[in-house]
file protein-v4.txt (compact mmCIF, C-alpha atoms)
# COMPACT_ATOMS: atom_id res chain seq x y z
CA MET L 379 91.68 53.60 -15.24
CA ASN L 380 94.14 51.09 -13.73
CA LEU L 381 91.39 48.51 -13.37
CA TRP L 382 90.49 49.00 -17.05
CA TRP L 383 94.04 48.18 -18.19
CA LYS L 384 94.06 45.13 -15.90
CA VAL L 385 90.90 43.86 -17.63
CA VAL L 386 92.18 44.44 -21.20
CA PRO L 387 94.23 41.19 -21.50
CA TYR L 388 91.09 39.22 -20.59
CA LEU L 389 88.81 41.23 -22.89
CA PRO L 390 88.76 38.78 -25.85
CA PHE L 391 87.84 35.92 -23.51
CA ILE L 392 85.12 38.04 -21.83
CA VAL L 393 83.77 38.98 -25.29
CA LEU L 394 83.79 35.33 -26.41
CA PHE L 395 82.02 34.26 -23.21
CA MET L 396 79.35 36.93 -23.77
CA ALA L 397 79.00 35.77 -27.40
CA VAL L 398 78.28 32.22 -26.17
CA LEU L 399 75.67 33.55 -23.69
CA VAL L 400 73.92 35.61 -26.38
CA ALA L 401 73.98 32.64 -28.78
CA VAL L 402 72.41 30.38 -26.13
CA TYR L 403 69.76 33.08 -25.45
CA HIS L 404 68.96 33.26 -29.18
CA VAL L 405 68.71 29.49 -29.58
CA LYS L 406 66.42 29.25 -26.54
CA PHE L 407 64.01 32.05 -27.44
CA TYR L 408 64.09 32.36 -31.25
CA TRP L 409 64.50 28.84 -32.63
CA MET M 857 93.33 60.69 -26.77
CA ILE M 858 91.67 57.34 -27.61
CA ALA M 859 88.23 58.81 -26.88
CA ARG M 860 88.91 61.75 -29.21
CA GLU M 861 90.06 59.41 -31.99
CA PHE M 862 86.90 57.34 -31.51
CA TRP M 863 84.51 60.31 -31.66
CA ARG M 864 86.28 61.97 -34.61
CA GLN M 865 87.04 58.97 -36.83
CA GLN M 866 85.02 55.91 -35.83
CA ALA M 867 81.74 57.31 -34.48
CA PRO M 868 80.77 58.95 -37.82
CA LEU M 869 81.49 55.67 -39.68
CA ILE M 870 79.42 53.66 -37.16
CA ALA M 871 76.58 56.20 -37.21
CA GLY M 872 76.67 56.15 -41.03
CA ALA M 873 76.40 52.34 -41.14
CA LEU M 874 73.49 52.37 -38.64
CA ALA M 875 71.69 55.09 -40.63
CA LEU M 876 72.22 53.11 -43.85
CA GLY M 877 70.85 50.01 -42.10
CA LEU M 878 67.67 51.86 -41.13
CA ALA M 879 67.31 53.44 -44.57
CA ALA M 880 67.93 50.08 -46.29
CA ALA M 881 65.29 48.33 -44.13
CA TYR M 882 62.60 50.87 -45.05
CA TRP M 883 63.70 51.02 -48.71
CA GLN M 884 63.84 47.24 -49.16
CA HIS M 885 60.89 46.16 -46.97
CA GLY M 886 58.98 49.27 -45.88
CA PHE M 887 59.50 48.46 -42.18
CA LEU M 888 62.26 47.72 -39.69
CA PRO M 889 62.56 43.94 -39.23
CA GLY M 890 63.85 42.57 -35.94
CA ALA M 891 62.67 40.49 -33.00
CA GLU M 892 58.95 40.92 -33.80
CA ARG M 893 58.86 40.80 -37.59
CA ALA M 894 61.26 38.52 -39.45
CA PHE M 895 63.79 39.83 -41.97
CA PRO M 896 61.87 38.95 -45.16
CA ILE M 897 64.83 37.72 -47.21
CA ALA M 898 66.67 36.00 -44.34
CA GLU M 899 63.34 34.62 -43.04
CA VAL M 900 64.56 34.85 -39.45
CA ARG M 901 63.54 36.89 -36.42
CA VAL M 902 66.53 38.44 -34.70
CA PRO M 903 66.76 41.68 -32.68
CA VAL M 904 68.77 44.45 -34.40
CA TRP M 905 71.04 44.71 -31.32
CA HIS M 906 72.01 41.05 -31.88
CA LEU M 907 73.19 41.82 -35.43
CA ILE M 908 75.24 44.78 -34.15
CA TRP M 909 76.63 42.53 -31.40
CA MET M 910 77.53 39.86 -33.98
CA GLY M 911 79.57 42.51 -35.82
CA VAL M 912 81.22 43.67 -32.58
CA TRP M 913 82.34 40.28 -31.30
CA THR M 914 83.35 38.76 -34.64
CA GLY M 915 85.14 41.99 -35.67
CA TYR M 916 86.89 42.31 -32.31
CA THR M 917 88.06 38.74 -31.75
CA MET M 918 89.10 38.13 -35.33
CA ALA M 919 90.91 41.47 -35.71
CA VAL M 920 92.89 40.72 -32.54
CA VAL M 921 94.31 37.63 -34.26
CA GLY M 922 94.73 39.36 -37.64
CA GLU M 923 91.72 37.95 -39.45
CA ALA M 924 88.51 39.56 -40.69
CA ALA M 925 85.00 39.13 -39.32
CA GLY M 926 83.47 37.32 -42.32
CA ILE M 927 84.88 33.87 -41.64
CA PHE M 928 83.19 33.89 -38.18
CA ALA M 929 80.09 35.94 -39.02
CA LEU M 930 79.12 33.61 -41.90
CA PRO M 931 78.84 30.35 -39.89
CA TYR M 932 77.31 32.27 -36.95
CA SER M 933 74.62 33.69 -39.28
CA MET M 934 74.02 30.23 -40.76
CA SER M 935 74.07 28.03 -37.66
CA ILE M 936 72.97 30.26 -34.75
CA LEU M 937 70.78 32.86 -36.49
CA GLN M 938 69.55 30.22 -39.02
CA PHE M 939 69.99 32.44 -42.09
CA VAL M 940 70.24 29.51 -44.49
CA GLY M 941 69.13 30.97 -47.84
CA PRO M 942 71.60 31.95 -50.59
CA SER M 943 71.29 35.63 -49.57
CA VAL M 944 73.46 34.94 -46.52
CA THR M 945 76.44 35.13 -48.91
CA PRO M 946 76.02 38.73 -50.24
CA SER M 947 74.73 39.90 -46.82
CA THR M 948 77.98 38.78 -45.17
CA GLN M 949 79.90 40.17 -48.14
CA LEU M 950 78.48 43.62 -47.27
CA LEU M 951 79.99 43.23 -43.79
CA THR M 952 83.38 42.24 -45.24
CA PHE M 953 83.21 45.24 -47.61
CA LEU M 954 82.59 47.86 -44.92
CA ASN M 955 84.60 46.38 -42.06
CA PRO M 956 88.16 47.05 -43.28
CA PHE M 957 87.76 50.81 -43.98
CA GLY M 958 88.77 51.84 -40.45
CA ALA M 959 91.89 49.65 -40.65
CA LEU M 960 92.67 50.95 -44.16
CA LEU M 961 92.71 54.55 -42.92
CA GLY M 962 94.92 53.57 -39.97
CA PHE M 963 97.46 51.68 -42.10
CA ARG M 964 97.57 54.51 -44.64
CA ARG M 965 98.57 56.91 -41.87
CA SER M 966 101.36 54.57 -40.75
CA GLY M 967 102.84 54.18 -44.27
CA GLN M 968 101.62 50.59 -44.72
CA TRP M 969 100.06 51.49 -48.04
CA ASN M 970 101.22 51.00 -51.65
CA LEU M 971 98.83 50.78 -54.57
CA LYS M 972 101.44 49.35 -56.97
CA PHE M 973 101.99 46.43 -54.59
CA ALA M 974 98.25 45.94 -54.08
CA ALA M 975 97.30 46.36 -57.77
CA ALA M 976 98.03 42.88 -59.20
CA VAL M 977 96.39 40.92 -56.39
CA CYS M 978 93.41 43.34 -56.34
CA VAL M 979 92.85 42.95 -60.11
CA GLY M 980 92.96 39.18 -59.53
CA GLY M 981 90.44 39.64 -56.70
CA ALA M 982 88.14 41.60 -59.02
CA VAL M 983 88.26 38.75 -61.58
CA GLY M 984 87.58 36.22 -58.81
CA GLY M 985 84.70 38.38 -57.54
CA LEU M 986 83.14 38.21 -61.01
CA ILE M 987 83.34 34.40 -61.19
CA GLY M 988 82.60 33.38 -57.57
CA PRO M 989 78.93 34.41 -57.51
CA PHE M 990 78.27 32.20 -60.57
CA LEU M 991 79.71 29.27 -58.61
CA ARG M 992 77.37 30.18 -55.70
CA ALA M 993 74.37 30.31 -58.03
CA GLY M 994 75.29 27.00 -59.69
CA LEU M 995 77.68 24.53 -58.09
CA LEU M 996 77.11 25.72 -54.50
CA ALA M 997 73.37 26.45 -54.78
CA ALA M 998 72.29 23.45 -52.66
CA ALA M 999 72.40 24.20 -48.92
CA ASP M 1000 74.33 21.02 -48.00
CA VAL M 1001 77.01 21.58 -50.66
CA PHE M 1002 77.38 25.20 -49.51
CA HIS M 1003 77.74 24.02 -45.88
CA PHE M 1004 80.42 21.58 -47.05
CA ALA M 1005 82.36 24.38 -48.84
CA VAL M 1006 82.09 26.66 -45.77
CA GLY M 1007 83.32 23.73 -43.66
CA ILE M 1008 86.43 23.39 -45.85
CA ALA M 1009 87.08 27.17 -45.52
CA LEU M 1010 86.63 27.04 -41.73
CA ALA M 1011 88.95 24.05 -41.43
CA ILE M 1012 91.62 25.93 -43.43
CA ALA M 1013 91.16 29.04 -41.25
CA GLY M 1014 91.33 26.90 -38.09
CA ILE M 1015 94.54 25.15 -39.16
CA HIS M 1016 96.08 28.50 -40.14
CA LEU M 1017 95.20 30.07 -36.77
CA CYS M 1018 96.62 27.12 -34.81
CA TYR M 1019 99.77 27.15 -36.96
CA ALA M 1020 100.12 30.94 -36.55
CA ALA M 1021 99.85 30.54 -32.77
CA PHE M 1022 103.28 28.86 -32.88
CA HIS M 1023 104.84 30.55 -35.94
CA SER M 1024 103.57 34.12 -35.82
CA THR M 1025 105.02 36.59 -38.31
CA ALA M 1026 106.18 40.01 -37.12
CA ARG M 1027 103.18 42.31 -36.69
CA ARG M 1028 105.07 45.48 -35.97
CA PRO M 1029 107.92 46.80 -38.10
CA PRO M 1030 111.44 46.82 -36.65
CA VAL M 1031 111.49 50.63 -37.01
CA ASP M 1032 108.81 53.08 -35.95
CA PRO M 1033 107.29 54.17 -39.28
CA TYR M 1034 105.96 57.41 -37.78
CA ARG M 1035 109.30 58.63 -36.40
CA GLN M 1036 111.61 57.26 -39.11
CA LYS M 1037 109.22 58.23 -41.95
CA VAL M 1038 109.52 54.75 -43.49
CA SER M 1039 106.76 53.49 -45.78
CA ILE M 1040 106.20 50.58 -48.16
CA ALA M 1041 107.76 51.23 -51.59
CA ALA M 1042 107.37 49.22 -54.80
CA GLN M 1043 109.21 49.18 -58.12
CA VAL M 1044 107.94 47.32 -61.17
CA TYR M 1045 110.45 45.45 -63.45
CA GLY M 1046 108.57 43.89 -66.37
CA MET M 1047 106.37 41.24 -64.79
CA ARG M 1048 108.10 41.43 -61.40
CA ILE M 1049 107.68 43.83 -58.53
CA ARG M 1050 110.18 44.63 -55.78
CA VAL M 1051 108.44 45.58 -52.57
CA SER M 1052 110.56 47.22 -49.87
CA PHE M 1053 110.09 48.49 -46.35
CA GLY M 1054 113.12 50.25 -44.86
CA GLU M 1055 116.11 47.96 -45.54
CA GLN M 1056 114.03 44.83 -46.20
CA SER M 1057 112.82 43.90 -49.69
CA TRP M 1058 110.88 41.10 -51.41
CA ASP M 1059 110.86 40.21 -55.12
CA LEU M 1060 107.44 39.03 -56.34
CA ASN M 1061 105.99 37.83 -59.66
CA MET M 1062 102.95 39.94 -60.57
CA LEU M 1063 101.36 37.17 -62.67
CA ALA M 1064 101.53 34.85 -59.65
CA LEU M 1065 100.03 37.60 -57.45
CA PHE M 1066 97.21 38.01 -59.98
CA GLY M 1067 96.62 34.23 -60.09
CA VAL M 1068 96.57 33.93 -56.30
CA GLY M 1069 94.17 36.90 -56.08
CA ALA M 1070 91.82 35.41 -58.69
CA GLY M 1071 91.83 31.90 -57.16
CA VAL M 1072 91.25 33.10 -53.60
CA GLY M 1073 88.68 35.65 -54.84
CA MET M 1074 86.66 33.02 -56.66
CA PHE M 1075 86.35 30.79 -53.58
CA ALA M 1076 85.87 33.68 -51.10
CA SER M 1077 83.18 35.51 -53.09
CA ALA M 1078 81.32 32.23 -53.69
CA LEU M 1079 81.10 31.85 -49.90
CA GLY M 1080 80.66 35.54 -48.98
CA VAL M 1081 83.87 36.13 -47.05
CA GLY M 1082 86.75 38.55 -47.63
CA GLY M 1083 89.44 36.02 -48.56
CA GLY M 1084 91.94 37.05 -45.88
CA PHE M 1085 91.75 33.55 -44.34
CA LEU M 1086 93.50 32.18 -47.49
CA LEU M 1087 95.48 35.20 -48.69
CA VAL M 1088 97.24 35.93 -45.38
CA PRO M 1089 98.66 32.38 -44.97
CA ILE M 1090 99.70 32.30 -48.66
CA PHE M 1091 101.52 35.64 -48.38
CA ALA M 1092 103.04 34.77 -45.01
CA SER M 1093 104.20 31.23 -45.79
CA LEU M 1094 104.95 31.25 -49.55
CA TYR M 1095 106.28 34.79 -49.92
CA ARG M 1096 107.57 35.20 -46.32
CA LEU M 1097 105.98 38.64 -46.12
CA PRO M 1098 105.63 39.95 -42.56
CA MET M 1099 102.18 40.98 -41.34
CA TYR M 1100 103.03 44.70 -41.31
CA VAL M 1101 103.80 44.55 -45.07
CA LEU M 1102 101.16 42.15 -46.33
CA VAL M 1103 98.28 44.23 -44.88
CA ALA M 1104 99.07 46.85 -47.54
CA ALA M 1105 97.81 44.34 -50.12
CA THR M 1106 95.29 42.22 -48.19
CA ILE M 1107 93.12 45.06 -46.83
CA PRO M 1108 92.51 46.79 -50.20
CA TYR M 1109 92.07 43.27 -51.64
CA VAL M 1110 89.20 42.42 -49.26
CA ILE M 1111 87.47 45.73 -50.09
CA VAL M 1112 87.84 45.30 -53.89
CA LEU M 1113 86.80 41.63 -53.84
CA SER M 1114 83.75 42.32 -51.66
CA ALA M 1115 82.66 45.31 -53.79
CA VAL M 1116 82.94 43.33 -57.05
CA GLY M 1117 81.23 40.32 -55.43
CA LEU M 1118 78.29 42.49 -54.29
CA LEU M 1119 78.03 44.06 -57.74
CA THR M 1120 78.04 40.63 -59.39
CA TYR M 1121 75.38 39.17 -57.04
CA ASN M 1122 73.07 42.14 -57.70
CA PHE M 1123 73.62 43.11 -61.34
CA ILE M 1124 75.93 40.78 -63.29
CA LEU M 1125 74.18 37.49 -62.39
CA PRO M 1126 70.84 38.72 -63.83
CA ALA M 1127 72.61 40.14 -66.89
CA PHE M 1128 73.73 36.57 -67.71
CA GLY M 1129 70.32 35.03 -67.20
CA SER M 1130 70.70 33.84 -63.57
CA ALA M 1131 68.39 35.13 -60.84
CA PRO M 1132 70.06 37.86 -58.74
CA ILE M 1133 70.92 36.94 -55.15
CA ALA M 1134 69.86 40.04 -53.24
CA PRO M 1135 71.51 40.73 -49.90
CA GLU M 1136 69.53 41.55 -46.78
CA TRP M 1137 71.03 45.05 -46.90
CA ALA M 1138 69.93 46.14 -43.42
CA TRP M 1139 71.40 42.94 -41.94
CA GLY M 1140 74.80 43.69 -43.49
CA PHE M 1141 74.81 47.38 -42.50
CA PHE M 1142 73.83 46.70 -38.86
CA ALA M 1143 76.48 43.98 -38.56
CA ALA M 1144 79.04 46.29 -40.20
CA ALA M 1145 78.29 49.07 -37.68
CA GLY M 1146 79.28 46.67 -34.90
CA GLY M 1147 82.18 45.31 -36.93
CA ILE M 1148 83.72 48.75 -37.45
CA PHE M 1149 83.68 49.34 -33.67
CA GLY M 1150 84.96 45.83 -32.93
CA SER M 1151 87.94 45.99 -35.28
CA TRP M 1152 88.83 49.50 -34.06
CA ALA M 1153 88.71 48.32 -30.43
CA ALA M 1154 90.95 45.40 -31.41
CA SER M 1155 93.54 47.72 -32.98
CA LYS M 1156 93.74 49.64 -29.69
CA THR M 1157 94.02 46.64 -27.38
CA GLN M 1158 95.79 44.08 -29.57
CA MET M 1159 99.23 44.44 -28.03
CA TYR M 1160 97.93 43.78 -24.50
CA VAL M 1161 96.13 40.49 -25.14
CA PRO M 1162 97.69 36.99 -25.09
CA GLU M 1163 97.58 36.43 -28.85
CA HIS M 1164 99.07 32.93 -28.72
CA LEU M 1165 96.35 31.48 -26.46
CA LEU M 1166 93.59 33.33 -28.29
CA LYS M 1167 94.76 32.04 -31.70
CA LEU M 1168 94.85 28.48 -30.41
CA MET M 1169 91.38 28.83 -28.92
CA LEU M 1170 89.79 30.49 -31.97
CA GLY M 1171 91.67 28.16 -34.33
CA GLY M 1172 90.42 25.15 -32.37
CA VAL M 1173 86.79 26.33 -32.37
CA THR M 1174 86.88 27.32 -36.07
CA GLY M 1175 88.52 24.04 -37.06
CA ILE M 1176 86.04 21.92 -35.06
CA VAL M 1177 83.03 23.77 -36.54
CA GLY M 1178 84.54 23.32 -40.02
CA VAL M 1179 85.03 19.58 -39.49
CA LEU M 1180 81.44 19.26 -38.18
CA TYR M 1181 80.12 20.97 -41.35
CA VAL M 1182 82.16 18.58 -43.53
CA VAL M 1183 81.13 15.49 -41.53
CA ASP M 1184 77.47 16.62 -41.66
CA PHE M 1185 77.67 16.57 -45.45
CA PHE M 1186 78.53 12.85 -45.48
CA TYR M 1187 76.70 11.63 -42.33
CA ARG M 1188 73.72 13.64 -41.06
CA LEU M 1189 74.58 14.70 -37.49
CA PRO M 1190 71.90 14.31 -34.78
CA PHE M 1191 71.82 18.10 -34.13
CA ARG M 1192 71.05 21.11 -36.32
CA LEU M 1193 74.02 22.90 -37.90
call {"tool": "encode", "arguments": {"input": "protein-v4.txt", "output": "structure tokens"}}
result
Amino acid sequence: MNLWWKVVPYLPFIVLFMAVLVAVYHVKFYW
Amino acid sequence: MIAREFWRQQAPLIAGALALGLAAAYWQHGFLPGAERAFPIAEVRVPVWHLIWMGVWTGYTMAVVGEAAGIFALPYSMSILQFVGPSVTPSTQLLTFLNPFGALLGFRRSGQWNLKFAAAVCVGGAVGGLIGPFLRAGLLAAADVFHFAVGIALAIAGIHLCYAAFHSTARRPPVDPYRQKVSIAAQVYGMRIRVSFGEQSWDLNMLALFGVGAGVGMFASALGVGGGFLLVPIFASLYRLPMYVLVAATIPYVIVLSAVGLLTYNFILPAFGSAPIAPEWAWGFFAAAGGIFGSWAASKTQMYVPEHLLKLMLGGVTGIVGVLYVVDFFYRLPFRL
């Protein structure tokens, strides 16, 4: 639980990083 | 506590949007498009989980900084997923229609709700939502002109986010609305309306609210976004309304504008002799399922994230993408946008 609340401030940056990874994956395999 | 709220309030909405996505796919195409078979209207292959993910990340990151998912989901659909046809507009509009319902319920519970205050700008939004789709079908029909218009909108949103990183308006009221039983009140005097929250009050001209709603609505529904990217900075900078008051007008506004826009794209355009611009319904529903979860997650974690840095980062990215779209209109860039 404590670890979860420590991660929360970084969550938007983690989500954005994952979004970039998924976008790169899509460009590589679906374009 | 949070888990119970999720399962009772959000999970049924998300499940409903997913079920509607499935039903819409079979009703519109007779099969479920995805990674193997392209979405027939969008003409792109994309796994369904990617559409849900697009809703999650755009809904989450934009709700954390007080914006809606549409202004990010639209360029992502166009440039990464390569949904370049005119139907990208109503498909994203479906996302902007469904996304704010969770937030609307939450703000209603906390007293940030007043239909008199929202009425003038919403009626303006409805008028704008009737005109915008005609602009999309005429003036903005060419792909490059549409990209240019989206670029302008992104640049505005980027500048606003960067500006808001340094001059943020108060998000939370000075008093706890739950404990003090304070809510937004509004009294109409002729053409003016006095909006109050606790001891604070603002005097607004309803004709101006209508005009702002119609102008923003026209541009936003022509692109397929909710209009918050223009309405929030206008309310915050011109009227000096704090965020916790202006959401009472902007959230119903986005819902009304998107609903009227969708109606116009599907039924009113053909009634006036233009071809309808049908949305890829399943696309919008799947993205909205993710968007509902993303914006709910943002409302629960917003106060723990470094908003200033995030606004600067998102504002920078949005602004740069907007400028690239505009530059690409005048000088063809060496990469695909």
call {"tool": "closest_atom_pairs", "arguments": {"input": "protein-v4.txt", "of": "chain M", "to": "chain L", "cutoff": "9 Å", "atoms": "all atoms listed in the file", "output": "tab-separated table"}}
result
residue	atom	partner	partner_atom	distance
M:Ala891	CA	L:Tyr408	CA	8.4
M:Val900	CA	L:Tyr408	CA	8.6
M:Arg901	CA	L:Tyr408	CA	6.9
M:Val902	CA	L:Tyr408	CA	7.4
M:His906	CA	L:Val400	CA	8.0
M:Trp909	CA	L:Ala397	CA	8.2
M:Met910	CA	L:Ala397	CA	7.9
M:Trp913	CA	L:Val393	CA	6.3
M:Thr914	CA	L:Leu394	CA	8.9
M:Tyr916	CA	L:Pro390	CA	7.6
M:Thr917	CA	L:Pro390	CA	5.9
M:Val920	CA	L:Pro390	CA	8.1
M:Tyr932	CA	L:Ala401	CA	8.8
M:Ile936	CA	L:Ala401	CA	6.5
M:Leu937	CA	L:His404	CA	7.5
M:Gln938	CA	L:Trp409	CA	8.3
M:Ala1154	CA	L:Pro390	CA	8.9
M:Thr1157	CA	L:Val386	CA	6.8
M:Gln1158	CA	L:Pro387	CA	8.7
M:Met1159	CA	L:Pro387	CA	8.8
M:Tyr1160	CA	L:Pro387	CA	5.4
M:Val1161	CA	L:Pro387	CA	4.2
M:Pro1162	CA	L:Pro387	CA	6.5
M:Leu1166	CA	L:Pro390	CA	7.7
call {"tool": "closest_residue", "arguments": {"input": "protein-v4.txt", "among": "M:Ser1052, M:Ser1039, M:Ser1155, M:Ser1077", "to": "Leu950 of chain M", "atoms": "all atoms listed in the file"}}
result
M:Ser1077
call {"tool": "atom_distance", "arguments": {"input": "protein-v4.txt", "atom1": "atom CA of Gly1129 of chain M", "atom2": "atom CA of Val1116 of chain M"}}
result
18.2 Å
call {"tool": "atom_distance", "arguments": {"input": "protein-v4.txt", "atom1": "atom CA of Ile392 of chain L", "atom2": "atom CA of Met918 of chain M"}}
result
14.1 Å
call {"tool": "atom_distance", "arguments": {"input": "protein-v4.txt", "atom1": "atom CA of Gly981 of chain M", "atom2": "atom CA of Gly1172 of chain M"}}
result
28.3 Å
call {"tool": "closest_residue", "arguments": {"input": "protein-v4.txt", "among": "M:Ala993, M:Ala1105, M:Leu1079, M:Leu888", "to": "Leu971 of chain M", "atoms": "all atoms listed in the file"}}
result
M:Ala1105
call {"tool": "residues_around", "arguments": {"input": "protein-v4.txt", "residues": "Leu1119 of chain M", "least_positions_apart": "2", "cutoff": "12 Å", "atoms": "all atoms listed in the file", "output": "PyMOL selection string"}}
result
chain M and resi 946+949-950+953+982+985-989+1077+1112-1117+1121-1127+1132-1135
call {"tool": "write_last_selection", "arguments": {"input": "protein-v4.txt", "atoms": "C-alpha atoms", "output": "PDB file, in the coordinates of the input"}}
result
ATOM      1  CA  PRO M 946      76.020  38.730 -50.240  1.00  0.00           C
ATOM      2  CA  GLN M 949      79.900  40.170 -48.140  1.00  0.00           C
ATOM      3  CA  LEU M 950      78.480  43.620 -47.270  1.00  0.00           C
ATOM      4  CA  PHE M 953      83.210  45.240 -47.610  1.00  0.00           C
ATOM      5  CA  ALA M 982      88.140  41.600 -59.020  1.00  0.00           C
ATOM      6  CA  GLY M 985      84.700  38.380 -57.540  1.00  0.00           C
ATOM      7  CA  LEU M 986      83.140  38.210 -61.010  1.00  0.00           C
ATOM      8  CA  ILE M 987      83.340  34.400 -61.190  1.00  0.00           C
ATOM      9  CA  GLY M 988      82.600  33.380 -57.570  1.00  0.00           C
ATOM     10  CA  PRO M 989      78.930  34.410 -57.510  1.00  0.00           C
ATOM     11  CA  SER M1077      83.180  35.510 -53.090  1.00  0.00           C
ATOM     12  CA  VAL M1112      87.840  45.300 -53.890  1.00  0.00           C
ATOM     13  CA  LEU M1113      86.800  41.630 -53.840  1.00  0.00           C
ATOM     14  CA  SER M1114      83.750  42.320 -51.660  1.00  0.00           C
ATOM     15  CA  ALA M1115      82.660  45.310 -53.790  1.00  0.00           C
ATOM     16  CA  VAL M1116      82.940  43.330 -57.050  1.00  0.00           C
ATOM     17  CA  GLY M1117      81.230  40.320 -55.430  1.00  0.00           C
ATOM     18  CA  TYR M1121      75.380  39.170 -57.040  1.00  0.00           C
ATOM     19  CA  ASN M1122      73.070  42.140 -57.700  1.00  0.00           C
ATOM     20  CA  PHE M1123      73.620  43.110 -61.340  1.00  0.00           C
ATOM     21  CA  ILE M1124      75.930  40.780 -63.290  1.00  0.00           C
ATOM     22  CA  LEU M1125      74.180  37.490 -62.390  1.00  0.00           C
ATOM     23  CA  PRO M1126      70.840  38.720 -63.830  1.00  0.00           C
ATOM     24  CA  ALA M1127      72.610  40.140 -66.890  1.00  0.00           C
ATOM     25  CA  PRO M1132      70.060  37.860 -58.740  1.00  0.00           C
ATOM     26  CA  ILE M1133      70.920  36.940 -55.150  1.00  0.00           C
ATOM     27  CA  ALA M1134      69.860  40.040 -53.240  1.00  0.00           C
ATOM     28  CA  PRO M1135      71.510  40.730 -49.900  1.00  0.00           C
TER      29      PRO M1135
END
call {"tool": "closest_residue", "arguments": {"input": "protein-v4.txt", "among": "M:Ala1041, M:Glu861, M:Leu991, M:Val979", "to": "Ser1130 of chain M", "atoms": "all atoms listed in the file"}}
result
M:Leu991
call {"tool": "axis_aligned_box", "arguments": {"input": "protein-v4.txt", "around": "segment 1079-1086 of chain M", "padding_each_side": "6 Å", "output": "JSON"}}
result
{"center_x": 87.1, "center_y": 35.2, "center_z": -47.1, "size_x": 24.8, "size_y": 18.7, "size_z": 17.6}
call {"tool": "residues_around", "arguments": {"input": "protein-v4.txt", "residues": "segment 1137-1152 of chain M", "least_positions_apart": "2", "cutoff": "6 Å", "atoms": "all atoms listed in the file", "output": "list in words"}}
result
Ile870, Ala873, Leu874, Gly877, Ala880, Ala881, Leu907, Ile908, Gly911, Val912, Gly915, Tyr916, Ala919, Ser947, Leu950, Leu951, Asn955, Pro1135, Ala1154 and Ser1155 of chain M
call {"tool": "residues_around", "arguments": {"input": "protein-v4.txt", "residues": "Val1182 of chain M", "least_positions_apart": "6", "cutoff": "8 Å", "atoms": "all atoms listed in the file", "output": "PyMOL selection string"}}
result
chain M and resi 1003-1005+1007-1008
call {"tool": "residues_near_point", "arguments": {"input": "protein-v4.txt", "point": "(113.8, 40.3, -44.8)", "cutoff": "9 Å", "atoms": "only C-alpha atoms", "output": "number ranges by chain"}}
result
M: 1055-1058, 1096-1098
call {"tool": "residues_near_point", "arguments": {"input": "protein-v4.txt", "point": "(78.7, 13.5, -39.9)", "cutoff": "12 Å", "atoms": "all atoms listed in the file", "output": "list in words"}}
result
Asp1000, Phe1004, Gly1007, Val1177, Gly1178, Val1179, Leu1180, Tyr1181, Val1182, Val1183, Asp1184, Phe1185, Phe1186, Tyr1187, Arg1188, Leu1189, Pro1190, Phe1191, Arg1192 and Leu1193 of chain M
call {"tool": "closest_residue", "arguments": {"input": "protein-v4.txt", "among": "M:Val1001, M:Val1006, M:Ile1049, M:Val977", "to": "Leu1087 of chain M", "atoms": "all atoms listed in the file"}}
result
M:Val977
call {"tool": "closest_residue", "arguments": {"input": "protein-v4.txt", "among": "M:Phe973, M:Phe1002, M:Phe1075, M:Phe928", "to": "Arg1050 of chain M", "atoms": "all atoms listed in the file"}}
result
M:Phe973
call {"tool": "residues_around", "arguments": {"input": "protein-v4.txt", "residues": "segment 1043-1046 of chain M", "least_positions_apart": "5", "cutoff": "10 Å", "atoms": "all atoms listed in the file", "output": "VMD selection string"}}
result
chain M and resid 972 to 973 1051 to 1052 1059 to 1062
call {"tool": "closest_residue", "arguments": {"input": "protein-v4.txt", "among": "M:Ala1009, M:Ala1153, M:Ala924, M:Ile1111", "to": "Ala1078 of chain M", "atoms": "all atoms listed in the file"}}
result
M:Ala1009
